[in-house]
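Asks: Got target36.csv for you, CSV, C-alpha atoms:
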```
chain,number,residue,atom,x,y,z
A,1,MET,CA,0.0,0.0,0.0
A,2,LYS,CA,1.4,3.4,-1.0
A,3,LYS,CA,2.2,5.7,1.9
A,4,TYR,CA,1.6,9.4,1.8
A,5,ILE,CA,3.9,11.6,4.0
A,6,ASP,CA,2.9,14.8,5.6
A,7,THR,CA,5.9,17.1,4.8
A,8,GLY,CA,4.8,19.6,7.4
A,9,LYS,CA,1.4,21.1,8.2
A,10,LYS,CA,0.5,24.2,6.3
A,11,ASP,CA,-2.8,26.2,5.8
A,12,THR,CA,-4.3,26.0,2.4
A,13,ARG,CA,-4.9,29.8,2.4
A,14,SER,CA,-1.1,30.2,2.4
A,15,GLY,CA,-1.1,28.0,-0.7
A,16,PHE,CA,-3.4,30.5,-2.4
A,17,GLY,CA,-1.1,33.3,-1.3
A,18,ALA,CA,1.9,31.6,-2.8
A,19,GLY,CA,0.1,30.9,-6.0
A,20,LEU,CA,-1.0,34.4,-6.3
A,21,GLU,CA,2.5,35.6,-5.7
A,22,VAL,CA,3.7,33.5,-8.7
A,23,LEU,CA,0.9,34.9,-10.9
A,24,GLY,CA,1.9,38.4,-10.0
A,25,GLN,CA,5.4,37.7,-11.5
A,26,THR,CA,4.3,35.7,-14.5
A,27,ASN,CA,0.9,37.0,-15.7
A,28,GLU,CA,0.6,40.8,-16.1
A,29,ASN,CA,-3.2,40.5,-16.6
A,30,VAL,CA,-3.8,39.1,-13.1
A,31,VAL,CA,-5.2,41.6,-10.6
A,32,ALA,CA,-6.2,41.1,-7.0
A,33,LEU,CA,-9.1,42.6,-5.0
A,34,CYS,CA,-9.7,42.1,-1.3
A,35,ALA,CA,-12.5,43.0,1.1
A,36,ASP,CA,-10.4,44.2,4.0
A,37,LEU,CA,-8.8,40.8,4.8
A,38,VAL,CA,-5.4,40.9,3.2
A,39,GLY,CA,-3.6,39.2,6.0
A,40,SER,CA,-6.2,36.4,6.3
A,41,LEU,CA,-6.1,35.8,2.5
A,42,LYS,CA,-2.2,35.9,2.5
A,43,MET,CA,-2.1,38.5,-0.3
A,44,ASP,CA,0.8,40.4,1.2
A,45,ALA,CA,3.4,39.1,-1.2
A,46,PHE,CA,1.4,39.8,-4.3
A,47,ILE,CA,0.8,43.4,-3.0
A,48,ALA,CA,4.5,43.9,-2.2
A,49,ASN,CA,5.5,42.8,-5.7
A,50,SER,CA,2.6,44.2,-7.7
A,51,PRO,CA,1.1,47.1,-5.7
A,52,ASP,CA,-0.4,48.7,-8.9
A,53,ARG,CA,-2.4,45.6,-9.5
A,54,PHE,CA,-4.1,45.4,-6.1
A,55,PHE,CA,-7.4,47.0,-5.1
A,56,GLN,CA,-8.4,47.2,-1.5
A,57,ILE,CA,-12.2,47.5,-1.7
A,58,GLY,CA,-12.9,47.4,2.0
A,59,ILE,CA,-15.9,45.7,3.7
A,60,ALA,CA,-18.0,46.0,0.5
A,61,GLU,CA,-18.0,42.5,-1.0
A,62,ALA,CA,-20.9,43.1,-3.4
A,63,ASN,CA,-19.1,46.1,-4.8
A,64,MET,CA,-15.9,44.0,-5.1
A,65,MET,CA,-17.7,41.5,-7.3
A,66,GLY,CA,-19.1,44.2,-9.5
A,67,ILE,CA,-15.6,45.8,-9.9
A,68,ALA,CA,-14.1,42.4,-10.7
A,69,ALA,CA,-16.7,41.8,-13.4
A,70,GLY,CA,-15.9,45.2,-14.9
A,71,LEU,CA,-12.2,44.6,-14.9
A,72,THR,CA,-12.6,41.6,-17.1
A,73,ILE,CA,-13.9,43.8,-19.9
A,74,GLY,CA,-10.5,45.3,-20.2
A,75,GLY,CA,-8.8,42.0,-20.4
A,76,LYS,CA,-7.8,41.7,-16.7
A,77,ILE,CA,-8.1,38.5,-14.7
A,78,PRO,CA,-9.4,39.5,-11.3
A,79,PHE,CA,-8.9,37.3,-8.2
A,80,THR,CA,-11.2,38.3,-5.4
A,81,GLY,CA,-10.4,37.5,-1.8
A,82,THR,CA,-12.5,37.2,1.3
A,83,PHE,CA,-14.0,34.6,3.6
A,84,ALA,CA,-16.1,31.8,1.9
A,85,ASN,CA,-19.2,33.0,3.7
A,86,PHE,CA,-18.8,36.5,2.3
A,87,SER,CA,-17.6,35.3,-1.1
A,88,THR,CA,-20.8,33.5,-1.8
A,89,GLY,CA,-23.8,33.9,0.5
A,90,ARG,CA,-23.4,37.7,1.0
A,91,VAL,CA,-22.9,38.4,-2.7
A,92,TYR,CA,-24.8,35.7,-4.5
A,93,ASP,CA,-26.9,38.1,-6.5
A,94,GLN,CA,-23.9,40.0,-7.8
A,95,ILE,CA,-22.1,36.7,-8.7
A,96,ARG,CA,-25.2,35.4,-10.5
A,97,GLN,CA,-26.0,38.5,-12.4
A,98,SER,CA,-22.7,40.2,-13.1
A,99,ILE,CA,-20.3,37.2,-13.3
A,100,ALA,CA,-22.0,33.9,-14.0
A,101,TYR,CA,-24.8,35.1,-16.3
A,102,SER,CA,-22.3,36.9,-18.6
A,103,GLY,CA,-19.5,34.3,-18.2
A,104,LYS,CA,-17.0,36.9,-16.8
A,105,ASN,CA,-13.5,35.7,-16.3
A,106,VAL,CA,-13.5,36.2,-12.5
A,107,LYS,CA,-11.7,34.0,-10.0
A,108,ILE,CA,-13.7,34.0,-6.7
A,109,CYS,CA,-11.1,32.9,-4.1
A,110,ALA,CA,-12.7,31.9,-0.8
A,111,SER,CA,-10.8,31.3,2.5
A,112,HIS,CA,-12.0,30.1,5.9
A,113,ALA,CA,-14.5,27.6,4.5
A,114,GLY,CA,-16.3,24.9,6.4
A,115,LEU,CA,-16.2,23.9,10.1
A,116,THR,CA,-12.5,24.2,10.4
A,117,LEU,CA,-12.7,27.9,10.6
A,118,GLY,CA,-13.2,27.0,14.2
A,119,GLU,CA,-13.8,29.4,17.0
A,120,ASP,CA,-15.4,32.1,14.9
A,121,GLY,CA,-18.6,30.0,14.9
A,122,ALA,CA,-21.6,29.2,12.9
A,123,THR,CA,-22.1,32.7,11.4
A,124,HIS,CA,-18.7,32.4,9.6
A,125,GLN,CA,-18.6,28.6,9.0
A,126,ILE,CA,-20.4,28.3,5.7
A,127,LEU,CA,-21.3,24.7,4.8
A,128,GLU,CA,-23.5,25.4,1.8
A,129,ASP,CA,-21.1,27.3,-0.5
A,130,ILE,CA,-20.3,24.4,-2.8
A,131,GLY,CA,-24.0,23.9,-3.5
A,132,LEU,CA,-24.6,27.6,-4.1
A,133,MET,CA,-21.7,27.9,-6.6
A,134,LYS,CA,-22.1,24.6,-8.4
A,135,MET,CA,-25.7,25.4,-9.3
A,136,LEU,CA,-24.6,28.5,-11.2
A,137,PRO,CA,-24.4,27.7,-14.9
A,138,GLY,CA,-20.8,27.8,-16.2
A,139,MET,CA,-19.2,28.1,-12.7
A,140,VAL,CA,-16.2,25.9,-12.1
A,141,VAL,CA,-15.9,24.7,-8.4
A,142,ILE,CA,-12.5,23.7,-7.0
A,143,ASN,CA,-11.7,22.5,-3.5
A,144,PRO,CA,-8.1,21.5,-3.2
A,145,CYS,CA,-6.8,19.3,-0.3
A,146,ASP,CA,-3.5,20.8,0.9
A,147,TYR,CA,-1.0,23.7,0.5
A,148,ASN,CA,0.8,22.4,-2.6
A,149,GLN,CA,-2.5,21.6,-4.4
A,150,THR,CA,-4.0,25.0,-3.5
A,151,LYS,CA,-0.9,26.7,-4.9
A,152,ALA,CA,-1.1,24.7,-8.1
A,153,ALA,CA,-4.8,25.3,-8.5
A,154,THR,CA,-4.4,29.0,-8.0
A,155,ILE,CA,-1.9,29.2,-10.8
A,156,ALA,CA,-3.9,26.9,-13.1
A,157,ILE,CA,-7.2,28.8,-12.9
A,158,ALA,CA,-5.6,31.9,-14.3
A,159,ASP,CA,-5.3,30.1,-17.6
A,160,TYR,CA,-8.9,29.0,-17.6
A,161,GLU,CA,-11.3,31.3,-19.4
A,162,GLY,CA,-14.5,31.7,-17.3
A,163,PRO,CA,-15.7,32.1,-13.8
A,164,VAL,CA,-14.1,29.9,-11.1
A,165,TYR,CA,-14.9,29.4,-7.4
A,166,LEU,CA,-11.8,28.3,-5.5
A,167,ARG,CA,-12.4,27.2,-1.9
A,168,PHE,CA,-9.7,26.8,0.8
A,169,GLY,CA,-9.3,27.0,4.5
A,170,ARG,CA,-7.7,28.5,7.6
A,171,PRO,CA,-6.2,25.6,9.7
A,172,LYS,CA,-2.8,24.0,9.2
A,173,VAL,CA,-3.3,20.6,7.7
A,174,ALA,CA,-1.2,17.8,6.2
A,175,ASN,CA,0.8,18.8,3.1
A,176,PHE,CA,1.3,15.6,1.2
A,177,THR,CA,0.8,16.2,-2.5
A,178,PRO,CA,3.7,16.8,-4.9
A,179,GLU,CA,5.2,20.3,-4.9
A,180,ASP,CA,5.7,20.2,-8.6
A,181,GLN,CA,2.3,18.7,-9.5
A,182,LYS,CA,0.3,19.7,-12.6
A,183,PHE,CA,-3.2,20.8,-11.7
A,184,GLU,CA,-5.8,19.7,-14.2
A,185,ILE,CA,-9.3,21.2,-13.8
A,186,GLY,CA,-11.9,18.5,-13.8
A,187,LYS,CA,-9.4,15.6,-13.5
A,188,ALA,CA,-9.6,13.5,-10.4
A,189,VAL,CA,-6.4,12.2,-8.7
A,190,HIS,CA,-6.2,8.5,-7.8
A,191,LEU,CA,-4.2,8.3,-4.6
A,192,LEU,CA,-4.7,4.6,-3.7
A,193,GLU,CA,-5.8,1.6,-5.7
A,194,GLY,CA,-8.3,-0.7,-4.0
A,195,THR,CA,-10.9,-3.4,-4.7
A,196,ASP,CA,-13.3,-3.4,-1.7
A,197,VAL,CA,-14.6,0.2,-1.4
A,198,THR,CA,-14.2,3.6,-3.1
A,199,ILE,CA,-13.6,6.6,-0.9
A,200,VAL,CA,-14.2,9.8,-2.9
A,201,ALA,CA,-13.0,12.8,-0.9
A,202,THR,CA,-12.4,16.5,-1.3
A,203,GLY,CA,-10.6,19.3,0.6
A,204,HIS,CA,-9.5,18.6,4.1
A,205,LEU,CA,-11.2,15.2,4.1
A,206,VAL,CA,-8.7,13.8,1.6
A,207,TRP,CA,-6.0,13.4,4.2
A,208,GLU,CA,-8.6,11.9,6.6
A,209,ALA,CA,-9.6,9.4,3.8
A,210,LEU,CA,-5.9,8.3,3.5
A,211,GLN,CA,-5.7,7.8,7.2
A,212,ALA,CA,-8.9,5.8,7.2
A,213,ALA,CA,-7.6,3.6,4.3
A,214,GLU,CA,-4.4,2.9,6.2
A,215,ASP,CA,-6.4,1.7,9.2
A,216,LEU,CA,-8.8,-0.3,7.1
A,217,GLN,CA,-5.9,-2.1,5.4
A,218,LYS,CA,-4.9,-3.5,8.8
A,219,THR,CA,-8.3,-5.2,9.0
A,220,GLY,CA,-8.1,-6.6,5.5
A,221,VAL,CA,-10.2,-3.9,3.7
A,222,ASN,CA,-8.6,-2.6,0.6
A,223,ALA,CA,-9.9,0.9,0.0
A,224,GLU,CA,-9.5,3.0,-3.2
A,225,VAL,CA,-9.0,6.7,-2.5
A,226,ILE,CA,-9.8,9.4,-5.1
A,227,ASN,CA,-9.1,13.1,-4.5
A,228,ILE,CA,-11.8,15.1,-6.2
A,229,HIS,CA,-10.4,18.6,-6.2
A,230,THR,CA,-12.8,19.8,-8.9
A,231,ILE,CA,-16.4,19.3,-7.9
A,232,LYS,CA,-17.6,20.9,-11.1
A,233,PRO,CA,-17.0,19.7,-13.7
A,234,LEU,CA,-16.9,16.4,-12.0
A,235,ASP,CA,-14.7,13.5,-13.3
A,236,HIS,CA,-17.5,11.0,-14.1
A,237,GLU,CA,-15.1,8.6,-15.8
A,238,ALA,CA,-12.9,8.2,-12.7
A,239,ILE,CA,-15.8,7.7,-10.4
A,240,LEU,CA,-17.6,5.1,-12.5
A,241,LYS,CA,-14.4,3.2,-13.3
A,242,SER,CA,-13.7,2.9,-9.6
A,243,VAL,CA,-17.2,1.9,-8.4
A,244,LYS,CA,-17.5,-0.7,-11.1
A,245,LYS,CA,-14.5,-2.3,-9.5
A,246,THR,CA,-15.3,-1.9,-5.8
A,247,GLY,CA,-19.1,-2.0,-5.8
A,248,CYS,CA,-19.7,0.7,-3.2
A,249,VAL,CA,-18.6,4.2,-2.4
A,250,VAL,CA,-18.2,6.6,0.5
A,251,THR,CA,-18.1,10.4,-0.2
A,252,ALA,CA,-16.4,12.7,2.2
A,253,GLU,CA,-16.5,16.5,2.4
A,254,GLU,CA,-16.5,19.4,4.8
A,255,HIS,CA,-19.9,20.6,3.6
A,256,ASN,CA,-23.6,20.0,4.0
A,257,PHE,CA,-24.6,16.6,2.4
A,258,LEU,CA,-27.3,18.6,0.7
A,259,GLY,CA,-25.8,20.1,-2.4
A,260,GLY,CA,-22.2,19.0,-2.0
A,261,LEU,CA,-19.9,16.5,-3.6
A,262,GLY,CA,-21.8,13.5,-2.3
A,263,GLU,CA,-25.0,14.6,-4.2
A,264,SER,CA,-23.0,15.2,-7.4
A,265,VAL,CA,-21.6,11.7,-7.1
A,266,SER,CA,-25.1,10.2,-6.4
A,267,ARG,CA,-26.4,11.8,-9.6
A,268,VAL,CA,-23.6,10.2,-11.7
A,269,LEU,CA,-24.3,6.8,-10.1
A,270,ALA,CA,-28.1,7.1,-10.5
A,271,GLN,CA,-27.8,7.9,-14.2
A,272,ASN,CA,-25.1,5.3,-15.0
A,273,TYR,CA,-24.4,2.7,-12.4
A,274,PRO,CA,-26.6,2.6,-9.2
A,275,THR,CA,-24.3,1.8,-6.3
A,276,PRO,CA,-24.5,1.7,-2.5
A,277,GLN,CA,-23.2,5.0,-1.1
A,278,GLU,CA,-22.7,6.5,2.3
A,279,PHE,CA,-22.1,10.2,3.0
A,280,ILE,CA,-19.5,11.9,5.3
A,281,ALA,CA,-20.8,15.4,5.5
A,282,THR,CA,-22.7,17.7,7.9
A,283,ASN,CA,-26.3,16.7,8.3
A,284,ASP,CA,-28.4,19.7,7.4
A,285,THR,CA,-27.0,21.8,10.2
A,286,PHE,CA,-25.1,24.9,11.1
A,287,GLY,CA,-21.8,24.7,12.9
A,288,GLU,CA,-20.7,26.1,16.3
A,289,SER,CA,-17.6,27.4,18.0
A,290,GLY,CA,-14.7,25.1,18.8
A,291,THR,CA,-11.3,24.0,17.7
A,292,PRO,CA,-11.2,22.5,14.2
A,293,GLU,CA,-10.3,19.1,15.7
A,294,GLN,CA,-13.3,19.2,18.1
A,295,LEU,CA,-15.7,20.2,15.4
A,296,MET,CA,-14.5,17.6,12.9
A,297,LYS,CA,-15.0,14.9,15.5
A,298,LYS,CA,-18.4,16.1,16.8
A,299,TYR,CA,-19.8,16.4,13.3
A,300,GLY,CA,-18.3,13.2,12.0
A,301,LEU,CA,-15.8,14.5,9.5
A,302,ASN,CA,-12.7,12.5,10.3
A,303,ALA,CA,-11.0,9.2,9.6
A,304,ASP,CA,-13.0,7.3,12.3
A,305,ALA,CA,-16.3,8.4,10.7
A,306,ILE,CA,-15.0,7.4,7.3
A,307,ILE,CA,-14.1,3.9,8.6
A,308,ASN,CA,-17.6,3.5,10.1
A,309,ALA,CA,-19.2,4.5,6.8
A,310,VAL,CA,-17.0,2.0,4.9
A,311,GLU,CA,-18.1,-0.8,7.2
A,312,LYS,CA,-21.7,0.2,6.8
A,313,VAL,CA,-21.6,0.6,3.0
A,314,MET,CA,-19.8,-2.7,2.4
A,315,LYS,CA,-22.7,-4.5,4.1
A,316,ARG,CA,-25.0,-3.1,1.5
A,317,LYS,CA,-23.2,-4.5,-1.5
```
So, in terms of structure tokens, how does the structure I just supplied come out?
Replies:
Amino acid sequence: MKKYIDTGKKDTRSGFGAGLEVLGQTNENVVALCADLVGSLKMDAFIANSPDRFFQIGIAEANMMGIAAGLTIGGKIPFTGTFANFSTGRVYDQIRQSIAYSGKNVKICASHAGLTLGEDGATHQILEDIGLMKMLPGMVVINPCDYNQTKAATIAIADYEGPVYLRFGRPKVANFTPEDQKFEIGKAVHLLEGTDVTIVATGHLVWEALQAAEDLQKTGVNAEVINIHTIKPLDHEAILKSVKKTGCVVTAEEHNFLGGLGESVSRVLAQNYPTPQEFIATNDTFGESGTPEQLMKKYGLNADAIINAVEKVMKRK
């Protein structure tokens, strides 16, 4: 069984900052906008190197989206930055009307997503943003798993023509994917080959899926683990190829089970190859204050919960 090594815990928002810094030096059309959260979004390096291409909008997120849409008309590639809750729920009308409807080339970059925002509590822990954004026609939705992949994704989306939602987080998590990886939008990454169960995970849950697979191996269960960094467009081929081999699937995400990755996978299976599925996700609930570890455990978003779901779904084959 292949082993993945944590090379040192890093926050995925810093991966975004590092990717944006590279773009500042390599793509003169990239501009950055922020809603008064430069430090939280790790935009400092971009600003230091490209001050004339940064716009501090202040606490006016709706205005930021409108300005970003306008900048695309002049050939610029705007990267907007604020918390995931303010990047989606607060400005949904502006995104729908000014960006998605007209297919504007805006990159909506959203930090502090999910429960792992931690102590800031339910008002900031958005768990429905993937659903909101994937329902917008033409919107690409990306949720990378670690620092290296977030950096690679940030760089890659600048070359994609059209609106993108890039989701990442606040806590320091395992950094285990290759530093020199090529990020392909819409292309799943097979991390482990297996025959007994497919675990399809996204974001922070990918590392938890790998830990679960390692523990399952000790009990004789051979799990296949797939990293779905792009939720829309979804890699149908990778999912179907895997479940046809294993016969059951567990989906894992730091998001409400309504509208998230799990439901997208269910649609693929229902239309092509009905398969037993279990969901690791929040159960139609808001979050609460606590450390990321406490919240992931309470809401069943960790390796132990994945193992339990695997045991349950395998009985349904």
Asks: Would you mind listing what lies within 6 Å of Ala201 (chain A) as a VMD selection string, with all atoms listed in the file counted and same-chain residues fewer than 6 positions away left out?
Replies: chain A and resid 227 to 228 251 to 252
Asks: Hey, can you spit out that residue selection with C-alpha atoms as a compact mmCIF listing (two decimals), in the coordinates of the input?
Replies:
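Everything below was put into again_0.txt:
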```txt
# COMPACT_ATOMS: atom_id res chain seq x y z
CA ASN A 227 -9.10 13.10 -4.50
CA ILE A 228 -11.80 15.10 -6.20
CA THR A 251 -18.10 10.40 -0.20
CA ALA A 252 -16.40 12.70 2.20
```
Asks: For region 146-148 of chain A, find every residue with an atom within 12 Å (counting all atoms listed in the file), except residues of its own chain fewer than 4 positions away, and show them as JSON, numbers by chain.
Replies: {"A": [6, 7, 8, 9, 10, 11, 12, 13, 14, 15, 16, 17, 18, 19, 152, 153, 154, 155, 167, 168, 169, 170, 171, 172, 173, 174, 175, 176, 177, 178, 179, 180, 181, 182, 183, 202, 203, 204, 205, 206, 207, 208, 227, 229]}
Asks: How about saving the chosen residues, C-alpha atoms kept, as an mmCIF file, keeping the file's coordinate frame?
Replies:
```cif
data_model
loop_
_atom_site.group_PDB
_atom_site.id
_atom_site.type_symbol
_atom_site.label_atom_id
_atom_site.label_comp_id
_atom_site.auth_asym_id
_atom_site.auth_seq_id
_atom_site.Cartn_x
_atom_site.Cartn_y
_atom_site.Cartn_z
ATOM 1 C CA ASP A 6 2.900 14.800 5.600
ATOM 2 C CA THR A 7 5.900 17.100 4.800
ATOM 3 C CA GLY A 8 4.800 19.600 7.400
ATOM 4 C CA LYS A 9 1.400 21.100 8.200
ATOM 5 C CA LYS A 10 0.500 24.200 6.300
ATOM 6 C CA ASP A 11 -2.800 26.200 5.800
ATOM 7 C CA THR A 12 -4.300 26.000 2.400
ATOM 8 C CA ARG A 13 -4.900 29.800 2.400
ATOM 9 C CA SER A 14 -1.100 30.200 2.400
ATOM 10 C CA GLY A 15 -1.100 28.000 -0.700
ATOM 11 C CA PHE A 16 -3.400 30.500 -2.400
ATOM 12 C CA GLY A 17 -1.100 33.300 -1.300
ATOM 13 C CA ALA A 18 1.900 31.600 -2.800
ATOM 14 C CA GLY A 19 0.100 30.900 -6.000
ATOM 15 C CA ALA A 152 -1.100 24.700 -8.100
ATOM 16 C CA ALA A 153 -4.800 25.300 -8.500
ATOM 17 C CA THR A 154 -4.400 29.000 -8.000
ATOM 18 C CA ILE A 155 -1.900 29.200 -10.800
ATOM 19 C CA ARG A 167 -12.400 27.200 -1.900
ATOM 20 C CA PHE A 168 -9.700 26.800 0.800
ATOM 21 C CA GLY A 169 -9.300 27.000 4.500
ATOM 22 C CA ARG A 170 -7.700 28.500 7.600
ATOM 23 C CA PRO A 171 -6.200 25.600 9.700
ATOM 24 C CA LYS A 172 -2.800 24.000 9.200
ATOM 25 C CA VAL A 173 -3.300 20.600 7.700
ATOM 26 C CA ALA A 174 -1.200 17.800 6.200
ATOM 27 C CA ASN A 175 0.800 18.800 3.100
ATOM 28 C CA PHE A 176 1.300 15.600 1.200
ATOM 29 C CA THR A 177 0.800 16.200 -2.500
ATOM 30 C CA PRO A 178 3.700 16.800 -4.900
ATOM 31 C CA GLU A 179 5.200 20.300 -4.900
ATOM 32 C CA ASP A 180 5.700 20.200 -8.600
ATOM 33 C CA GLN A 181 2.300 18.700 -9.500
ATOM 34 C CA LYS A 182 0.300 19.700 -12.600
ATOM 35 C CA PHE A 183 -3.200 20.800 -11.700
ATOM 36 C CA THR A 202 -12.400 16.500 -1.300
ATOM 37 C CA GLY A 203 -10.600 19.300 0.600
ATOM 38 C CA HIS A 204 -9.500 18.600 4.100
ATOM 39 C CA LEU A 205 -11.200 15.200 4.100
ATOM 40 C CA VAL A 206 -8.700 13.800 1.600
ATOM 41 C CA TRP A 207 -6.000 13.400 4.200
ATOM 42 C CA GLU A 208 -8.600 11.900 6.600
ATOM 43 C CA ASN A 227 -9.100 13.100 -4.500
ATOM 44 C CA HIS A 229 -10.400 18.600 -6.200
#
```
Asks: Show me, as a list in words, the residues that have an atom within 9 Å of Ile231 (chain A) when counting only C-alpha atoms, minus same-chain residues fewer than 3 positions from it.
Replies: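 Once the adjacent positions are removed, what remains is Ile130, Lys134, Val140, Val141, Ile142, Asn143, Gly186, Thr202, Ile228, Leu234, Asp235, Gly260, Leu261 and Ser264 of chain A.
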Asks: Identify which of the residues A:Pro233, A:Thr82, A:Pro137, A:Leu33 lies closest to Tyr101 (chain A), counting all atoms listed in the file when measuring atom-to-atom distances.
Replies: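 So, comparing all the options, the nearest one is A:Pro137.
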Asks: Can you tell me, as a list of chain:residue names, what residues are no more than 9 Å from Gln25 (chain A) when counting only C-alpha atoms, ignoring any on the same chain fewer than 4 positions away?
Replies: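 Contacts, with the query itself left out: A:Leu20, A:Glu21, A:Phe46, A:Asn49, A:Ser50.
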Asks: CA of Thr282 (chain A) and CA of Ala110 (chain A) are how many Å apart?
Replies: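 Going from CA of Thr282 (chain A) over to CA of Ala110 (chain A) covers 19.4 Å.
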Asks: So, counting all atoms listed in the file, which residue among A:Val265, A:Asp304, A:Pro51, A:Glu254 is closest to Leu210 (chain A)?
Replies: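 The answer is A:Asp304, which sits nearest to Leu210 (chain A).
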Asks: What is the distance between CA of Ile307 (chain A) and CA of Val200 (chain A), in Å to one decimal?
Replies: 12.9 Å
Asks: Mind checking which residues fall within 8 Å of Val91 (chain A), counting all atoms listed in the file, ignoring those fewer than 5 positions away in the same chain, and posting them as an NGL selection string?
Replies: :A and (61-62 or 65 or 86)
Asks: Calculated over all atoms listed in the file, which of the candidates A:Gln211, A:Thr219, A:Thr198, A:Ser289 has the smallest distance to Val310 (chain A)?
Replies: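 Using all atoms listed in the file, the shortest distance to Val310 (chain A) belongs to A:Thr198.
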Asks: Could you work out how far CA of Met314 (chain A) lies from CA of Gln271 (chain A), giving the answer in Å with one decimal?
Replies: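 Distance reported for this atom pair: 21.3 Å.
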Asks: Hey, which of A:Thr275, A:Asn308, A:Thr230, A:Asn27 ends up closest to Cys145 (chain A)? Count all atoms listed in the file.
Replies: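 Smallest separation from Cys145 (chain A) among the options: A:Thr230.
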Asks: Give me the region 27-74 of chain A side of the contact with region 111-119 of chain A, cut-off 10 Å, one line per residue showing its nearest atom pair and distance in Å at one decimal, counting all atoms listed in the file, sorted by chain and residue number, as CSV.
Replies:
```
residue,atom,partner,partner_atom,distance
A:Leu37,CA,A:Ser111,CA,10.0
A:Ser40,CA,A:Ser111,CA,7.8
A:Leu41,CA,A:Ser111,CA,6.5
A:Lys42,CA,A:Ser111,CA,9.8
```
Asks: Given only C-alpha atoms as the basis, pick out the residue of A:Ala122, A:Val22, A:Leu166, A:Met139 nearest to Thr80 (chain A).
Replies: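 Counting only C-alpha atoms, the residue closest to Thr80 (chain A) is A:Leu166.
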